[in-house]
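J.: Following this message is one structure expressed as structure tokens.
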Amino acid sequence: MDCKDVEILLVEDNPHDAELTLRALKKHNLANKVHVAKDGEEALNFIFASGASAGESLNNLKVILLDLKLPKVSGLEVLQKIKEGEKTRTIPVVCLTSSAEDQDVEACYKLGANSFVVKPVEFDAFAKTVVDLGFYWLLVNKPG
Amino acid sequence: MLRVSFASLRSRAILLVLLAILPLLALTLYSYFDGRARAIREVQRDELVVARNLATLQETLIRTTRELLMTLARLPQVQRRDRDGCNALFAKTLTQCPHYAALAGADPEGQVFASAPAVSWPVKVTDRLWFQKAVQTRDFVVGEPVLGRISKRYSINLAYPILDEAGRFQGVLTASLDLHWLGSQLAKSDFPRSSAMVLTDYTGKVLFRYPDPMQYLGKMLPDVLIQAMTSGDEGVAAGVGLPGDARLFAFARLSPPWQDLLVTIGLPRAWAVDKVDRDLRRNLIWLGLVAIMALAAAWFGADLVIVRPVRKLRHLTERLAAGDLTVHSGPDYPVGELGLLAQAFDQMAGSLQGRDAELNRVVAELQQRVGELHERTAQLEAANQELEAFTYTVSHDLRAPLRSMGGFARVLLEDYPENLDADGQRYLNIIHQETRKMGQLIDDLLALSRLGRKELSLVRLNMAELVKAVFEELKAHYSERKLQIDIRPLPAGLSDRVMMRQVLANLLDNAIKFTQDRAPALIEVSGWSVPHENVYCVKDNGIGFDIRYMGKLFEVFQRLHSEEEFAGTGVGLAIVKRVIDRHGGRVWAESKVGEGATFCFSLPRGDVT
């Protein structure tokens with residue numbers, strides 16, 4: 001799909017988690033505009049190296065679902081880069097992580113994350129969380 | 001160094017020597033006083049002998065004079081009153097008898113017709129009492145001491161009448177006893193020149209004194225003597241004599257018929273005691289010398305025999321106190337108490353050395369243990385760090401697969417219902433549920449481990465408020481249940497807020513869960529203070545548990561009811577126990593099957609009263 005159509009960027013290294021997430025979104029017709037990046041580098045490439053018309057192409061990006069535990073470039077680094085970039089700063093970022101024990105919670109908010117969500121183990125809850133996120137950020141939230 | 005104090009050993013030694021000398025001194029003084037008294041008595045005894053002798057002599061003289069006069073009175077010269085014949089006779093007698101001062105004859109008119117010494121002037125004796133008495137009695141007469149007219153000496157006139165053959169009174173013959181001569185007999189004794197002989201009458205009046213008769217004639221003897229004279233014919237006395245000095249006296253009375261005359265001998269007391277005094281002086285000087293030598297010996301002897309060894313030991317003790325434990329007073333010990341002391345000192349030093357070595361050993365051991373302890377602590381800290389990292393990994397890496405497992409099981413159920421019969425679907429459901437349970441287990445385990453590692457931040461909590469808040473939160477999860485809670489007054493608790501919240505949540509949640517068959521469920525929270533602790537209890541009217549299995553109640557994952565009956569992984573109470581243990585308190589429970597359960601825990605009060 002074309003960059004400018006992407007409404008949700010999912011940065012997730014676990015393919016199963018990614019699959020389950022897409023499936024949940026698909027069930028509620030939120031999935032057609034999802035781009036998946038497998039690691040931080042890909043994510044940054046997508047965000048920052050999308051050609052000269054980066055600003056335009058990311059116009060539709062409503063939310064970034066960012067898993068914190070990523071290979072190569074870590075989630076926090078990605079978050080930092082996003083929030084540093086002039087054109088990208090305004091994009092809402094939702095940090096995802098496996099457990100609330102993370103000391104990363106504070107770090108995320110310090111870096112400017114808009115939301116912090118724990119990925120539940122139980123699939124129903126997980127799916128619901130994802131869908132709730134999607135509904136909120138895509139439909140309810142007024143973008144900047 | 002010369003400061004005198006009664007505490008130093010040398011001073012004490014000297015004191016002892018002085019104490020030993022004191023009896024000697026006392027003895028010396030005693031023997032002096034005794035000797036003095038004895039000397040006085042001896043002198044008085046001697047005086048008495050002399051007095052007695054003189055008295056006897058006088059008596060003898062009187063008697064012999066009587067014989068003489070009787071004989072002379074019958075001589076023809078005397079009968080005839082032959083002047084020249086009598087002069088010659090008297091003179092010859094006088095030279096032979098030095099004790100006569102004079103011899104004389106007088107006619108009945110009292111006119112002296114002859115005398116020796118011869119006189120060239122007429123002498124009349126009519127006034128003399130002896131003459132009158134001789135005329136009167138025509139018998140032998142003893143006169144009083146008078147100063148003789150012829151002899152010019154103090155004498156006693158003894159007279160005898162001259163009678164012719166017919167017995168006619170022809171005159172009086174008299175011989176004068178020379179009192180001086182009598183007194184000079186005193187010189188024959190050992191008595192000093194200051195001694196005196198006194199002739200008195202029975203009243204104590206001085207009739208004659210040798211020497212110095214003029215001075216004392218007519219005076220009275222000292223009262224002490226007169227007193228003594230009234231009580232006997234002879235005796236001794238002591239007092240102030242006629243010259244005014246202290247004197248010793250002895251007196252003797254002449255035998256009858258001359259008992260009106262008494263002879264007294266007196267001499268200065270000083271002479272009597274003189275020798276004794278000199279002896280005393282000599283003894284005292286010797287004693288003084290001996291004392292000085294003894295004291296000097298004590299001074300130096302004490303130094304040598306006592307002070308030096310003591311000082312040596314004192315130095316050793318000081319060195320020991322300063323830390324040198326190798327001191328010893330030597331393999332050679334003097335005899336006696338000092339030797340025993342030195343031995344004891346060495347024993348003590350040896351024992352101290354041993355203890356010191358032991359102490360050092362113990363200290364070294366302790367240091368080693370402390371070192372080991374530090375190591376262990378470092379190891380534990382490292383282990384703790386590892387555990388943190390481990391927990392972190394667990395929470396992430398264990399969850400992800402669970403998500404996949406549960407998720408895809410669900411996907412299967414949703415996407416391929418036609419490929420699965422009822423059993424197949426049931427199996428998949430089981431898979432899904434179990435993954436969920438595992439997730440819960442992981443969460444519980446992580447919570448438990450977190451509680452073990454987190455630092456306690458103790459604050460004073462209003463327990464009643466906290467219970468109320470936790471209960472309100474829990475109530476929201478059990479909206480369909482009828483729950484009744486009775487929160488009694490609770491003492492303030494000193495604990496970590498977050499952890500205590502967890503404890504109360506677990507206990508209240510249990511109470512709610514296990515009363516699920518009760519309507520209403522009655523929960524009672526009470527608390528009270530005991531010395532050093534506050535106790536809190538949560539009581540419910542649920543189904544209770546079998547008290548026989550109480551041991552397992554607080555262990556991880558141990559459950560006393562099946563999961564079908566009651567939900568829960570069995571880690572709630574383990575968390576409660578872990579938290580309370582970390583606070584230094586205790587947990588326990590009581591229950592009767594079917595009659596509810598009471599879970600209690602205690603918190604140390606610390607400074608909180």
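Residue names in the structure tokens use chain letters A, B, ... in the order shown, residue numbers from 1 in each chain, and ligand numbers from 1 in the order shown.
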Using only C-alpha atoms and a cut-off of 8 Å, which residues of chain B sit close to chain A? Please list them as a list in words.
T.: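 My answer is Tyr392, Ser395, His396, Arg399, Ala400, Leu402, Arg403, Ser404, Gly406, Gly407, Phe408, Arg410, His432, Thr435, Arg436 and Gly439 of chain B.
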J.: Counting only C-alpha atoms, what is within 8 Å of range 203-215 of chain B, bar same-chain residues fewer than 3 positions away, as a ChimeraX atom specification?
T.: /B:144-145,154,179-180,183-184,196-200,218-221,226
J.: Can you work out the spacing between CA of His328 in chain B and CA of Trp299 in chain B in Å, to one decimal?
T.: 27.9 Å
J.: What's the separation between CA of Val224 in chain B and CA of Leu242 in chain B, in Å to one decimal place?
T.: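 The value is 11.8 Å.
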J.: What is the CA of Tyr216 in chain B to CA of Arg247 in chain B distance in Å?
T.: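 So the two atoms, CA of Tyr216 in chain B and CA of Arg247 in chain B, lie 15.8 Å apart.
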J.: Within 12 Å of Val78 in chain B, counting only C-alpha atoms, which residues show up once you throw out same-chain ones fewer than 3 positions away? Write them as a PyMOL selection string, please.
T.: chain B and resi 69-75+81-90+104-107+112-115+160-164+170-174
J.: Please, could you write that set of residues out with N, CA and C atoms as an mmCIF file, in the first residue's frame?
T.:
```cif
data_model
loop_
_atom_site.group_PDB
_atom_site.id
_atom_site.type_symbol
_atom_site.label_atom_id
_atom_site.label_comp_id
_atom_site.auth_asym_id
_atom_site.auth_seq_id
_atom_site.Cartn_x
_atom_site.Cartn_y
_atom_site.Cartn_z
ATOM 1 N N LEU B 69 78.919 11.820 187.562
ATOM 2 C CA LEU B 69 78.613 12.859 188.541
ATOM 3 C C LEU B 69 78.498 12.263 189.940
ATOM 4 N N MET B 70 77.878 11.122 190.013
ATOM 5 C CA MET B 70 77.761 10.472 191.314
ATOM 6 C C MET B 70 79.141 10.195 191.901
ATOM 7 N N THR B 71 79.989 9.712 191.005
ATOM 8 C CA THR B 71 81.346 9.407 191.454
ATOM 9 C C THR B 71 82.097 10.677 191.870
ATOM 10 N N LEU B 72 81.991 11.670 190.981
ATOM 11 C CA LEU B 72 82.698 12.919 191.261
ATOM 12 C C LEU B 72 82.173 13.574 192.550
ATOM 13 N N ALA B 73 80.896 13.467 192.791
ATOM 14 C CA ALA B 73 80.308 14.144 193.959
ATOM 15 C C ALA B 73 80.870 13.622 195.276
ATOM 16 N N ARG B 74 81.394 12.423 195.252
ATOM 17 C CA ARG B 74 81.909 11.855 196.508
ATOM 18 C C ARG B 74 83.388 12.130 196.721
ATOM 19 N N LEU B 75 83.988 12.660 195.668
ATOM 20 C CA LEU B 75 85.421 12.936 195.794
ATOM 21 C C LEU B 75 85.644 14.050 196.832
ATOM 22 N N ARG B 81 84.788 21.411 198.450
ATOM 23 C CA ARG B 81 84.666 22.575 197.569
ATOM 24 C C ARG B 81 86.033 23.225 197.364
ATOM 25 N N ASP B 82 86.983 22.329 197.097
ATOM 26 C CA ASP B 82 88.358 22.780 196.880
ATOM 27 C C ASP B 82 88.479 23.320 195.482
ATOM 28 N N ARG B 83 88.638 24.518 195.312
ATOM 29 C CA ARG B 83 88.621 25.176 194.028
ATOM 30 C C ARG B 83 89.664 24.614 193.107
ATOM 31 N N ASP B 84 90.912 24.725 193.531
ATOM 32 C CA ASP B 84 91.992 24.318 192.617
ATOM 33 C C ASP B 84 91.910 22.838 192.326
ATOM 34 N N GLY B 85 91.637 22.105 193.404
ATOM 35 C CA GLY B 85 91.555 20.653 193.206
ATOM 36 C C GLY B 85 90.481 20.296 192.187
ATOM 37 N N CYS B 86 89.330 20.917 192.360
ATOM 38 C CA CYS B 86 88.229 20.635 191.433
ATOM 39 C C CYS B 86 88.554 21.100 190.045
ATOM 40 N N ASN B 87 89.125 22.279 189.867
ATOM 41 C CA ASN B 87 89.504 22.752 188.533
ATOM 42 C C ASN B 87 90.353 21.732 187.817
ATOM 43 N N ALA B 88 91.357 21.258 188.579
ATOM 44 C CA ALA B 88 92.255 20.277 187.936
ATOM 45 C C ALA B 88 91.497 19.012 187.583
ATOM 46 N N LEU B 89 90.647 18.602 188.516
ATOM 47 C CA LEU B 89 89.882 17.369 188.301
ATOM 48 C C LEU B 89 88.969 17.516 187.084
ATOM 49 N N PHE B 90 88.247 18.600 187.093
ATOM 50 C CA PHE B 90 87.311 18.846 186.008
ATOM 51 C C PHE B 90 88.042 18.936 184.678
ATOM 52 N N ALA B 104 81.168 21.713 185.980
ATOM 53 C CA ALA B 104 81.207 22.772 186.999
ATOM 54 C C ALA B 104 80.562 22.305 188.271
ATOM 55 N N GLY B 105 81.006 23.018 189.379
ATOM 56 C CA GLY B 105 80.397 22.743 190.674
ATOM 57 C C GLY B 105 79.891 24.064 191.246
ATOM 58 N N ALA B 106 78.750 24.027 191.875
ATOM 59 C CA ALA B 106 78.200 25.250 192.484
ATOM 60 C C ALA B 106 77.847 24.990 193.924
ATOM 61 N N ASP B 107 78.018 26.044 194.793
ATOM 62 C CA ASP B 107 77.670 25.895 196.214
ATOM 63 C C ASP B 107 76.156 26.017 196.365
ATOM 64 N N VAL B 112 79.325 29.350 191.432
ATOM 65 C CA VAL B 112 80.249 28.339 190.892
ATOM 66 C C VAL B 112 81.591 28.469 191.576
ATOM 67 N N PHE B 113 82.027 27.323 192.189
ATOM 68 C CA PHE B 113 83.317 27.382 192.890
ATOM 69 C C PHE B 113 84.439 26.777 192.066
ATOM 70 N N ALA B 114 84.079 25.966 191.072
ATOM 71 C CA ALA B 114 85.121 25.413 190.203
ATOM 72 C C ALA B 114 84.497 25.030 188.874
ATOM 73 N N SER B 115 85.296 25.059 187.823
ATOM 74 C CA SER B 115 84.754 24.674 186.512
ATOM 75 C C SER B 115 85.873 24.357 185.542
ATOM 76 N N TYR B 160 73.898 16.858 189.544
ATOM 77 C CA TYR B 160 73.773 15.908 190.654
ATOM 78 C C TYR B 160 74.125 16.643 191.969
ATOM 79 N N PRO B 161 73.347 16.446 192.949
ATOM 80 C CA PRO B 161 73.644 17.186 194.217
ATOM 81 C C PRO B 161 74.890 16.611 194.913
ATOM 82 N N ILE B 162 75.591 17.529 195.560
ATOM 83 C CA ILE B 162 76.753 17.121 196.356
ATOM 84 C C ILE B 162 76.273 16.981 197.795
ATOM 85 N N LEU B 163 76.378 15.833 198.339
ATOM 86 C CA LEU B 163 75.966 15.566 199.727
ATOM 87 C C LEU B 163 77.174 15.063 200.502
ATOM 88 N N ASP B 164 77.356 15.603 201.766
ATOM 89 C CA ASP B 164 78.482 15.087 202.559
ATOM 90 C C ASP B 164 78.072 13.783 203.211
ATOM 91 N N GLN B 170 75.519 20.142 200.006
ATOM 92 C CA GLN B 170 76.701 20.993 199.962
ATOM 93 C C GLN B 170 76.835 21.727 198.645
ATOM 94 N N GLY B 171 76.035 21.338 197.676
ATOM 95 C CA GLY B 171 76.131 22.041 196.391
ATOM 96 C C GLY B 171 75.648 21.142 195.244
ATOM 97 N N VAL B 172 75.872 21.604 194.022
ATOM 98 C CA VAL B 172 75.428 20.833 192.842
ATOM 99 C C VAL B 172 76.580 20.697 191.864
ATOM 100 N N LEU B 173 76.675 19.476 191.384
ATOM 101 C CA LEU B 173 77.698 19.206 190.369
ATOM 102 C C LEU B 173 76.982 19.129 189.018
ATOM 103 N N THR B 174 77.551 19.712 188.001
ATOM 104 C CA THR B 174 76.879 19.646 186.703
ATOM 105 C C THR B 174 77.854 19.358 185.571
#
```
J.: Just list as an MDAnalysis selection string whatever in chain A DSSP marks as strand (DSSP E).
T.: chainID A and resid 8:11 34:37 63:67 93:97 115:118
